[in-house]
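Here is the file structure-v9.pdb (PDB, C-alpha atoms).
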```pdb
MODEL        1
ATOM      1  CA  MET A   1      77.801  87.068 132.714
ATOM      2  CA  ALA A   2      76.941  89.276 129.782
ATOM      3  CA  GLN A   3      80.664  89.972 129.299
ATOM      4  CA  SER A   4      81.626  86.273 129.246
ATOM      5  CA  LYS A   5      78.846  85.547 126.780
ATOM      6  CA  GLN A   6      80.119  88.292 124.508
ATOM      7  CA  ASN A   7      83.691  86.956 124.730
ATOM      8  CA  LEU A   8      82.513  83.505 123.840
ATOM      9  CA  ILE A   9      80.701  84.821 120.799
ATOM     10  CA  GLN A  10      83.715  86.856 119.662
ATOM     11  CA  GLY A  11      86.077  83.938 120.094
ATOM     12  CA  THR A  12      83.688  81.663 118.264
ATOM     13  CA  LEU A  13      83.306  84.067 115.376
ATOM     14  CA  ALA A  14      87.086  84.219 114.930
ATOM     15  CA  MET A  15      87.242  80.427 114.875
ATOM     16  CA  LEU A  16      84.410  80.217 112.349
ATOM     17  CA  ILE A  17      86.128  82.755 110.101
ATOM     18  CA  LEU A  18      89.415  80.854 110.260
ATOM     19  CA  ARG A  19      87.594  77.613 109.489
ATOM     20  CA  SER A  20      85.800  79.173 106.519
ATOM     21  CA  LEU A  21      89.118  80.298 105.092
ATOM     22  CA  ALA A  22      90.728  76.881 105.516
ATOM     23  CA  ARG A  23      89.609  75.834 102.020
ATOM     24  CA  GLY A  24      90.895  78.933 100.254
ATOM     25  CA  PRO A  25      90.690  82.730  99.966
ATOM     26  CA  LEU A  26      87.250  84.333 100.322
ATOM     27  CA  HIS A  27      85.935  87.871 100.527
ATOM     28  CA  GLY A  28      83.862  89.003 103.495
ATOM     29  CA  TYR A  29      80.490  88.363 101.907
ATOM     30  CA  GLU A  30      81.508  84.831 100.915
ATOM     31  CA  ILE A  31      82.696  84.172 104.482
ATOM     32  CA  THR A  32      79.246  85.156 105.818
ATOM     33  CA  GLN A  33      77.566  82.876 103.314
ATOM     34  CA  ARG A  34      79.954  80.018 104.031
ATOM     35  CA  ILE A  35      79.250  80.215 107.780
ATOM     36  CA  GLN A  36      75.514  80.382 107.188
ATOM     37  CA  GLN A  37      75.428  77.547 104.675
ATOM     38  CA  SER A  38      77.752  75.271 106.663
ATOM     39  CA  SER A  39      75.583  75.702 109.754
ATOM     40  CA  GLU A  40      72.444  75.094 107.655
ATOM     41  CA  ASP A  41      71.183  78.567 108.511
ATOM     42  CA  VAL A  42      71.396  77.990 112.276
ATOM     43  CA  LEU A  43      74.203  80.538 112.738
ATOM     44  CA  LYS A  44      73.383  83.983 111.444
ATOM     45  CA  VAL A  45      76.168  86.471 111.919
ATOM     46  CA  GLU A  46      75.305  90.162 112.038
ATOM     47  CA  GLU A  47      77.041  90.655 108.748
ATOM     48  CA  GLY A  48      78.853  93.880 109.555
ATOM     49  CA  SER A  49      80.361  92.497 112.751
ATOM     50  CA  LEU A  50      82.415  90.155 110.620
ATOM     51  CA  TYR A  51      84.682  92.972 109.438
ATOM     52  CA  PRO A  52      86.132  94.237 112.740
ATOM     53  CA  ALA A  53      86.770  90.569 113.554
ATOM     54  CA  LEU A  54      88.545  90.104 110.218
ATOM     55  CA  TYR A  55      90.681  93.183 110.848
ATOM     56  CA  ARG A  56      91.642  91.845 114.281
ATOM     57  CA  LEU A  57      92.620  88.516 112.756
ATOM     58  CA  GLU A  58      94.706  90.368 110.186
ATOM     59  CA  GLU A  59      96.319  92.386 112.976
ATOM     60  CA  GLN A  60      97.198  89.164 114.785
ATOM     61  CA  GLY A  61      98.758  87.816 111.601
ATOM     62  CA  TRP A  62      96.321  84.920 111.286
ATOM     63  CA  VAL A  63      94.855  86.076 108.004
ATOM     64  CA  GLU A  64      96.169  88.309 105.267
ATOM     65  CA  ALA A  65      94.222  90.307 102.772
ATOM     66  CA  GLU A  66      94.690  91.195  99.142
ATOM     67  CA  TRP A  67      92.492  93.154  96.752
ATOM     68  CA  GLY A  68      91.349  91.222  93.700
ATOM     69  CA  ALA A  69      88.482  90.930  91.233
ATOM     70  CA  SER A  70      85.287  89.252  92.399
ATOM     71  CA  GLU A  71      83.140  86.852  90.357
ATOM     72  CA  ASN A  72      81.137  89.803  89.042
ATOM     73  CA  ASN A  73      84.347  91.652  88.196
ATOM     74  CA  ARG A  74      84.127  94.091  91.082
ATOM     75  CA  ARG A  75      87.099  95.035  93.228
ATOM     76  CA  ALA A  76      86.951  92.911  96.392
ATOM     77  CA  LYS A  77      89.226  92.255  99.335
ATOM     78  CA  TYR A  78      90.110  88.580  99.646
ATOM     79  CA  TYR A  79      91.280  87.061 102.912
ATOM     80  CA  LYS A  80      93.399  83.964 103.252
ATOM     81  CA  LEU A  81      94.802  81.971 106.135
ATOM     82  CA  THR A  82      98.456  82.415 107.007
ATOM     83  CA  ARG A  83     100.567  79.592 108.387
ATOM     84  CA  ALA A  84     100.117  81.064 111.876
ATOM     85  CA  GLY A  85      96.366  81.223 111.241
ATOM     86  CA  ARG A  86      96.272  77.547 110.327
ATOM     87  CA  LYS A  87      98.039  76.693 113.591
ATOM     88  CA  GLN A  88      95.673  78.928 115.524
ATOM     89  CA  LEU A  89      92.693  77.225 113.903
ATOM     90  CA  ALA A  90      93.994  73.853 115.055
ATOM     91  CA  VAL A  91      94.426  75.170 118.615
ATOM     92  CA  GLU A  92      90.997  76.803 118.707
ATOM     93  CA  THR A  93      89.267  73.772 117.224
ATOM     94  CA  SER A  94      90.870  71.552 119.844
ATOM     95  CA  ASN A  95      89.895  73.960 122.644
ATOM     96  CA  TRP A  96      86.358  74.163 121.335
ATOM     97  CA  GLU A  97      86.020  70.363 121.178
ATOM     98  CA  ARG A  98      87.227  70.017 124.747
ATOM     99  CA  LEU A  99      84.876  72.756 125.905
ATOM    100  CA  SER A 100      81.832  71.355 124.121
ATOM    101  CA  GLU A 101      82.609  67.846 125.405
ATOM    102  CA  ALA A 102      82.852  69.200 128.948
ATOM    103  CA  ILE A 103      79.556  71.060 128.632
ATOM    104  CA  ALA A 104      77.902  67.962 127.157
ATOM    105  CA  LYS A 105      79.112  65.917 130.141
ATOM    106  CA  VAL A 106      77.737  68.444 132.598
ATOM    107  CA  LEU A 107      74.397  68.513 130.815
ATOM    108  CA  GLN A 108      74.185  64.720 130.784
ATOM    109  CA  THR A 109      74.998  64.291 134.463
ATOM    110  CA  ALA A 110      73.127  67.276 135.886
TER     111      ALA A 110
ATOM    112  CA  MET B 111     107.430  86.670  99.669
ATOM    113  CA  THR B 112     103.920  87.206 100.964
ATOM    114  CA  THR B 113     105.287  87.886 104.438
ATOM    115  CA  ILE B 114     107.701  90.471 103.056
ATOM    116  CA  LYS B 115     104.863  92.091 101.115
ATOM    117  CA  SER B 116     102.731  92.090 104.255
ATOM    118  CA  ILE B 117     105.501  93.731 106.327
ATOM    119  CA  LEU B 118     106.129  96.347 103.642
ATOM    120  CA  ARG B 119     102.412  97.053 103.457
ATOM    121  CA  ARG B 120     102.255  97.539 107.229
ATOM    122  CA  LEU B 121     105.304  99.776 107.296
ATOM    123  CA  GLY B 122     104.093 101.771 104.348
ATOM    124  CA  ALA B 123     100.615 102.356 105.734
ATOM    125  CA  PRO B 124     101.454 105.392 107.924
ATOM    126  CA  VAL B 125     102.885 107.333 104.987
ATOM    127  CA  ARG B 126     100.209 106.431 102.477
ATOM    128  CA  GLY B 127      98.072 109.236 103.754
ATOM    129  CA  GLY B 128      95.372 107.250 105.531
ATOM    130  CA  ALA B 129      94.510 105.126 102.527
ATOM    131  CA  ALA B 130      92.940 102.584 104.883
ATOM    132  CA  ALA B 131      89.715 104.516 105.518
ATOM    133  CA  PRO B 132      88.398 104.611 101.917
ATOM    134  CA  GLU B 133      89.429 100.984 101.519
ATOM    135  CA  ILE B 134      87.387 100.010 104.557
ATOM    136  CA  GLU B 135      84.396 101.870 103.167
ATOM    137  CA  ASP B 136      84.836 100.222  99.745
ATOM    138  CA  GLU B 137      84.942  96.818 101.358
ATOM    139  CA  LEU B 138      81.819  97.389 103.470
ATOM    140  CA  ARG B 139      79.922  98.854 100.508
ATOM    141  CA  PHE B 140      80.891  95.874  98.394
ATOM    142  CA  HIS B 141      79.320  93.579 100.988
ATOM    143  CA  ILE B 142      76.042  95.504 100.981
ATOM    144  CA  GLU B 143      75.972  95.577  97.186
ATOM    145  CA  MET B 144      76.531  91.823  96.967
ATOM    146  CA  ARG B 145      73.726  91.186  99.447
ATOM    147  CA  SER B 146      71.452  93.560  97.521
ATOM    148  CA  HIS B 147      72.203  91.771  94.228
ATOM    149  CA  ASP B 148      71.423  88.410  95.815
ATOM    150  CA  ASN B 149      68.202  89.803  97.277
ATOM    151  CA  ILE B 150      67.128  91.107  93.871
ATOM    152  CA  ALA B 151      67.993  87.744  92.310
ATOM    153  CA  ALA B 152      65.775  86.143  94.972
ATOM    154  CA  GLY B 153      62.843  88.270  93.791
ATOM    155  CA  MET B 154      62.925  91.360  96.014
ATOM    156  CA  SER B 155      62.316  94.825  94.659
ATOM    157  CA  PRO B 156      65.504  96.942  94.488
ATOM    158  CA  GLU B 157      64.307  99.162  97.377
ATOM    159  CA  ASP B 158      63.509  96.167  99.603
ATOM    160  CA  ALA B 159      66.746  94.472  98.579
ATOM    161  CA  VAL B 160      68.887  97.399  99.693
ATOM    162  CA  ALA B 161      66.875  97.938 102.873
ATOM    163  CA  ASP B 162      67.247  94.273 103.796
ATOM    164  CA  ALA B 163      70.980  94.343 103.010
ATOM    165  CA  MET B 164      71.438  97.397 105.250
ATOM    166  CA  ARG B 165      69.407  95.835 108.051
ATOM    167  CA  ARG B 166      71.401  92.614 107.953
ATOM    168  CA  PHE B 167      74.648  94.510 107.840
ATOM    169  CA  GLY B 168      74.008  96.530 110.979
ATOM    170  CA  ASN B 169      75.148 100.049 111.818
ATOM    171  CA  PHE B 170      77.435 100.997 108.925
ATOM    172  CA  ASP B 171      79.100 103.970 110.635
ATOM    173  CA  ARG B 172      79.777 102.074 113.860
ATOM    174  CA  ILE B 173      81.249  99.112 111.992
ATOM    175  CA  ARG B 174      83.429 101.368 109.863
ATOM    176  CA  ALA B 175      84.626 103.133 113.024
ATOM    177  CA  ASP B 176      85.387  99.766 114.658
ATOM    178  CA  CYS B 177      87.449  98.703 111.652
ATOM    179  CA  GLU B 178      89.304 101.997 111.626
ATOM    180  CA  GLY B 179      89.917 101.608 115.363
ATOM    181  CA  VAL B 180      91.603  98.238 114.807
ATOM    182  CA  LYS B 181      93.750  99.736 112.033
ATOM    183  CA  LYS B 182      94.730 102.678 114.220
ATOM    184  CA  GLU B 183      95.732 100.397 117.087
ATOM    185  CA  ARG B 184      97.961  98.527 114.688
ATOM    186  CA  LEU B 185      99.609 101.661 113.393
ATOM    187  CA  GLY B 186      99.850 103.416 116.753
ATOM    188  CA  GLY B 187     103.263 101.970 117.632
ATOM    189  CA  ILE B 188     104.733 102.641 114.209
ATOM    190  CA  MET B 189     103.407 106.202 114.255
ATOM    191  CA  LYS B 190     105.097 106.876 117.606
ATOM    192  CA  VAL B 191     108.467 105.835 116.139
ATOM    193  CA  ILE B 192     107.898 107.903 112.988
ATOM    194  CA  LYS B 193     106.910 110.999 114.986
ATOM    195  CA  GLY B 194     109.963 110.518 117.211
ATOM    196  CA  CYS B 195     112.203 110.323 114.125
ATOM    197  CA  ALA B 196     110.708 113.529 112.717
ATOM    198  CA  TRP B 197     111.407 115.429 115.929
ATOM    199  CA  ALA B 198     114.918 113.946 116.188
ATOM    200  CA  ILE B 199     115.749 115.075 112.648
ATOM    201  CA  LEU B 200     114.375 118.529 113.423
ATOM    202  CA  GLY B 201     116.550 118.690 116.543
ATOM    203  CA  CYS B 202     119.675 117.574 114.634
ATOM    204  CA  GLY B 203     118.923 120.129 111.923
ATOM    205  CA  LEU B 204     118.679 122.964 114.451
ATOM    206  CA  MET B 205     121.914 121.900 116.180
ATOM    207  CA  LEU B 206     123.828 121.717 112.893
ATOM    208  CA  LYS B 207     122.418 125.063 111.796
ATOM    209  CA  MET B 208     123.740 126.707 114.942
ATOM    210  CA  SER B 209     127.191 125.040 114.923
ATOM    211  CA  SER B 210     128.996 126.434 111.843
ATOM    212  CA  ASN B 211     128.423 127.831 108.379
ATOM    213  CA  VAL B 212     129.738 124.713 106.627
ATOM    214  CA  VAL B 213     127.113 122.358 108.025
ATOM    215  CA  ALA B 214     124.352 124.972 108.213
ATOM    216  CA  LEU B 215     123.170 123.927 104.761
ATOM    217  CA  VAL B 216     122.814 120.337 105.953
ATOM    218  CA  GLY B 217     120.885 121.705 108.935
ATOM    219  CA  ASP B 218     118.508 123.590 106.638
ATOM    220  CA  PHE B 219     117.964 120.441 104.603
ATOM    221  CA  LEU B 220     117.215 118.361 107.717
ATOM    222  CA  ILE B 221     114.807 120.987 109.051
ATOM    223  CA  LEU B 222     112.978 120.985 105.721
ATOM    224  CA  ILE B 223     112.777 117.186 105.696
ATOM    225  CA  ALA B 224     111.515 117.119 109.296
ATOM    226  CA  LEU B 225     108.844 119.742 108.646
ATOM    227  CA  LEU B 226     107.619 117.993 105.491
ATOM    228  CA  TRP B 227     107.563 114.712 107.357
ATOM    229  CA  ARG B 228     105.559 116.256 110.181
ATOM    230  CA  LEU B 229     103.095 117.726 107.657
ATOM    231  CA  LEU B 230     102.682 114.309 106.051
ATOM    232  CA  ILE B 231     101.965 112.764 109.464
ATOM    233  CA  HIS B 232      99.397 115.478 110.168
ATOM    234  CA  LEU B 233      97.636 114.916 106.832
ATOM    235  CA  ARG B 234      97.590 111.189 107.445
ATOM    236  CA  GLU B 235      95.952 111.701 110.832
ATOM    237  CA  MET B 236      93.109 113.749 109.370
ATOM    238  CA  GLN B 237      89.857 111.865 109.624
ATOM    239  CA  PRO B 238      88.076 110.803 106.416
ATOM    240  CA  ASP B 239      85.152 113.009 107.392
ATOM    241  CA  GLN B 240      87.477 115.997 107.567
ATOM    242  CA  ARG B 241      88.767 115.155 104.097
ATOM    243  CA  ARG B 242      85.173 114.924 102.903
ATOM    244  CA  VAL B 243      84.479 118.365 104.296
ATOM    245  CA  ILE B 244      87.471 119.663 102.362
ATOM    246  CA  ALA B 245      86.218 117.838  99.254
ATOM    247  CA  ASP B 246      82.791 119.440  99.701
ATOM    248  CA  LEU B 247      84.345 122.852 100.062
ATOM    249  CA  ARG B 248      86.437 122.328  96.942
ATOM    250  CA  GLU B 249      83.336 121.183  95.087
ATOM    251  CA  ARG B 250      81.441 124.273  96.191
ATOM    252  CA  PHE B 251      84.180 126.620  95.124
ATOM    253  CA  TYR B 252      85.531 124.925  92.008
ATOM    254  CA  GLY B 253      82.806 122.490  90.846
ATOM    255  CA  GLY B 254      83.463 119.470  88.591
ATOM    256  CA  PRO B 255      84.689 115.953  89.425
ATOM    257  CA  LEU B 256      86.797 115.596  92.544
ATOM    258  CA  SER B 257      89.439 113.195  93.712
ATOM    259  CA  VAL B 258      90.607 113.735  97.271
ATOM    260  CA  SER B 259      92.694 111.026  98.948
ATOM    261  CA  GLY B 260      90.817 108.095  97.527
ATOM    262  CA  PHE B 261      87.402 109.700  97.410
ATOM    263  CA  THR B 262      86.436 110.096  93.790
ATOM    264  CA  GLU B 263      83.148 111.686  93.082
ATOM    265  CA  ASP B 264      81.811 112.496  89.643
ATOM    266  CA  ALA B 265      80.051 115.627  90.693
ATOM    267  CA  PRO B 266      77.686 116.971  88.029
ATOM    268  CA  LYS B 267      78.878 120.192  86.486
ATOM    269  CA  PRO B 268      76.909 123.150  87.794
ATOM    270  CA  VAL B 269      74.373 124.515  85.346
ATOM    271  CA  PRO B 270      74.709 128.284  85.023
ATOM    272  CA  ALA B 271      71.607 130.004  86.340
ATOM    273  CA  TYR B 272      71.361 132.458  83.422
ATOM    274  CA  ASP B 273      72.610 132.113  79.860
ATOM    275  CA  LYS B 274      74.167 134.873  77.792
ATOM    276  CA  ASP B 275      70.669 136.148  76.857
ATOM    277  CA  GLY B 276      69.737 136.431  80.522
ATOM    278  CA  ARG B 277      67.243 133.487  80.412
ATOM    279  CA  THR B 278      66.769 131.008  83.269
ATOM    280  CA  PRO B 279      67.104 127.237  82.456
ATOM    281  CA  VAL B 280      63.286 126.861  82.463
ATOM    282  CA  GLU B 281      62.791 129.808  80.117
ATOM    283  CA  ARG B 282      65.521 128.419  77.868
ATOM    284  CA  LEU B 283      63.831 124.977  77.803
ATOM    285  CA  ILE B 284      60.429 126.460  76.892
ATOM    286  CA  SER B 285      62.004 128.613  74.240
ATOM    287  CA  ASP B 286      63.961 125.662  72.753
ATOM    288  CA  GLU B 287      60.836 123.462  72.729
ATOM    289  CA  SER B 288      58.773 126.045  70.896
ATOM    290  CA  SER B 289      61.540 126.561  68.338
ATOM    291  CA  ASP B 290      61.998 122.730  67.864
ATOM    292  CA  SER B 291      58.310 122.009  67.151
ATOM    293  CA  GLY B 292      56.861 124.846  65.208
ATOM    294  CA  ASP B 293      53.284 123.467  65.448
ATOM    295  CA  GLY B 294      53.369 123.483  69.258
ATOM    296  CA  SER B 295      52.766 119.643  69.575
ATOM    297  CA  ILE B 296      54.609 117.629  72.241
ATOM    298  CA  SER B 297      56.593 114.631  70.950
ATOM    299  CA  ALA B 298      55.686 111.107  72.147
ATOM    300  CA  SER B 299      59.010 110.501  73.852
ATOM    301  CA  ARG B 300      58.452 113.291  76.360
TER     302      ARG B 300
ENDMDL
END
```
Could you render the structure as structure tokens?
Amino acid sequence: MAQSKQNLIQGTLAMLILRSLARGPLHGYEITQRIQQSSEDVLKVEEGSLYPALYRLEEQGWVEAEWGASENNRRAKYYKLTRAGRKQLAVETSNWERLSEAIAKVLQTA
Amino acid sequence: MTTIKSILRRLGAPVRGGAAAPEIEDELRFHIEMRSHDNIAAGMSPEDAVADAMRRFGNFDRIRADCEGVKKERLGGIMKVIKGCAWAILGCGLMLKMSSNVVALVGDFLILIALLWRLLIHLREMQPDQRRVIADLRERFYGGPLSVSGFTEDAPKPVPAYDKDGRTPVERLISDESSDSGDGSISASR
């Protein structure tokens, strides 16, 4: 049970990262803020855990990274969605919608 | 173009001498610094701001190790091929060296290439902590600023314990102060 919960969280985090990058390149800190702000502070990611997830997404070819200058002129690593990442986001969003609908139905009928 | 760049970056990673590890650390540090800046802007004291940033971030060493683990998984396959190539070249070199005098020179060249290649692979596989240990040792023995595989540290130059007159730094300071202000008063800026 604990394992499935962890998998769900990991999968969800990947989807949230991909969604955050859908509007354009962001560095890790901006991704954390975007997730937090979009969820109106309901979702709070353990900030460090974002990075292994980002590296996995990069490994899978769904995001790619490039070093650039941040808004305060510091060297920062910016991530952006690849074409494969955009497709994956569509698939994961659709899966998530089906899953949440199914859970909602169960909760309503039970 | 981006895809080509990405492929080249991936292929080049094993021979860049483990450049990934300092980059990971830079990236994680950047995150903590950004959070600290935002905390200070929100009214926290610098100490609280950094402490909060670290707490929110989680276990720095574990996260860095996780990131490195993902990178190593990615490079594992490529490294196997590269190691295989190095051994194959070494084997070819030895065979050519033994066959005749004409191609022995080519054999020597291949052996040299293979050994250098193998050394490069070994250096790349050294852990960042090992490189830090080497950097520390170099600092201890040579002093001055260091730059070892991406780690650049502006180490302060060691102050010699005794000057040419045999005085310690404290004795020198007292002596300089008394010679600066002949009346023995202490200036306001001190």
Mind telling me what the PyMOL selection byres ((chain A) within 12 of (chain B)) catches here, as a compact mmCIF listing (two decimals) with C-alpha atoms, in the coordinates of the input?
```
# COMPACT_ATOMS: atom_id res chain seq x y z
CA HIS A 27 85.94 87.87 100.53
CA GLY A 28 83.86 89.00 103.50
CA TYR A 29 80.49 88.36 101.91
CA GLU A 30 81.51 84.83 100.92
CA ILE A 31 82.70 84.17 104.48
CA THR A 32 79.25 85.16 105.82
CA GLN A 33 77.57 82.88 103.31
CA LYS A 44 73.38 83.98 111.44
CA VAL A 45 76.17 86.47 111.92
CA GLU A 46 75.31 90.16 112.04
CA GLU A 47 77.04 90.66 108.75
CA GLY A 48 78.85 93.88 109.56
CA SER A 49 80.36 92.50 112.75
CA LEU A 50 82.42 90.16 110.62
CA TYR A 51 84.68 92.97 109.44
CA PRO A 52 86.13 94.24 112.74
CA ALA A 53 86.77 90.57 113.55
CA LEU A 54 88.54 90.10 110.22
CA TYR A 55 90.68 93.18 110.85
CA ARG A 56 91.64 91.84 114.28
CA LEU A 57 92.62 88.52 112.76
CA GLU A 58 94.71 90.37 110.19
CA GLU A 59 96.32 92.39 112.98
CA GLN A 60 97.20 89.16 114.78
CA GLY A 61 98.76 87.82 111.60
CA TRP A 62 96.32 84.92 111.29
CA VAL A 63 94.86 86.08 108.00
CA GLU A 64 96.17 88.31 105.27
CA ALA A 65 94.22 90.31 102.77
CA GLU A 66 94.69 91.20 99.14
CA TRP A 67 92.49 93.15 96.75
CA GLY A 68 91.35 91.22 93.70
CA ALA A 69 88.48 90.93 91.23
CA SER A 70 85.29 89.25 92.40
CA GLU A 71 83.14 86.85 90.36
CA ASN A 72 81.14 89.80 89.04
CA ASN A 73 84.35 91.65 88.20
CA ARG A 74 84.13 94.09 91.08
CA ARG A 75 87.10 95.04 93.23
CA ALA A 76 86.95 92.91 96.39
CA LYS A 77 89.23 92.26 99.34
CA TYR A 78 90.11 88.58 99.65
CA TYR A 79 91.28 87.06 102.91
CA LYS A 80 93.40 83.96 103.25
CA LEU A 81 94.80 81.97 106.14
CA THR A 82 98.46 82.42 107.01
CA ARG A 83 100.57 79.59 108.39
CA ALA A 84 100.12 81.06 111.88
```
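What the PyMOL selection byres ((chain A and resi 22) around 10) grabs from this file is Leu16, Ile17, Leu18, Arg19, Ser20, Leu21, Arg23, Gly24, Pro25, Leu26, Lys80, Leu81, Thr82, Gly85, Arg86 and Leu89 of chain A.
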Those selected residues, please, written with C-alpha atoms and delivered as a PDB file, keeping the file's coordinate frame.
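Full text of result_25.pdb as output:
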```pdb
ATOM      1  CA  LEU A  16      84.410  80.217 112.349  1.00  0.00           C
ATOM      2  CA  ILE A  17      86.128  82.755 110.101  1.00  0.00           C
ATOM      3  CA  LEU A  18      89.415  80.854 110.260  1.00  0.00           C
ATOM      4  CA  ARG A  19      87.594  77.613 109.489  1.00  0.00           C
ATOM      5  CA  SER A  20      85.800  79.173 106.519  1.00  0.00           C
ATOM      6  CA  LEU A  21      89.118  80.298 105.092  1.00  0.00           C
ATOM      7  CA  ARG A  23      89.609  75.834 102.020  1.00  0.00           C
ATOM      8  CA  GLY A  24      90.895  78.933 100.254  1.00  0.00           C
ATOM      9  CA  PRO A  25      90.690  82.730  99.966  1.00  0.00           C
ATOM     10  CA  LEU A  26      87.250  84.333 100.322  1.00  0.00           C
ATOM     11  CA  LYS A  80      93.399  83.964 103.252  1.00  0.00           C
ATOM     12  CA  LEU A  81      94.802  81.971 106.135  1.00  0.00           C
ATOM     13  CA  THR A  82      98.456  82.415 107.007  1.00  0.00           C
ATOM     14  CA  GLY A  85      96.366  81.223 111.241  1.00  0.00           C
ATOM     15  CA  ARG A  86      96.272  77.547 110.327  1.00  0.00           C
ATOM     16  CA  LEU A  89      92.693  77.225 113.903  1.00  0.00           C
TER      17      LEU A  89
END
```
Using 3 Å of padding on each side, determine the axis-aligned box around all atoms of stretch 89-92 of chain A present in the file and give its centre and edge lengths in Å to one decimal, as lines of an AutoDock Vina configuration file.
```
center_x = 92.7
center_y = 75.5
center_z = 116.3
size_x = 9.4
size_y = 9.4
size_z = 10.8
```
Distance atom CA of A:Lys87-atom CA of A:Met15, one decimal place? 11.5 Å
Residues near stretch 218-227 of chain B, anyone? I mean within 10 Å using only C-alpha atoms, not counting same-chain ones fewer than 5 positions away, as a ChimeraX atom specification. /B:125,192-193,195-204,206-207,213,232-233
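Between atom CA of B:Glu135 and atom CA of A:Leu43 there is a distance of 25.5 Å.
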Grab the atom CA of A:Leu13 to atom CA of A:Ser39 distance for me, in Å with one decimal place. 12.7 Å
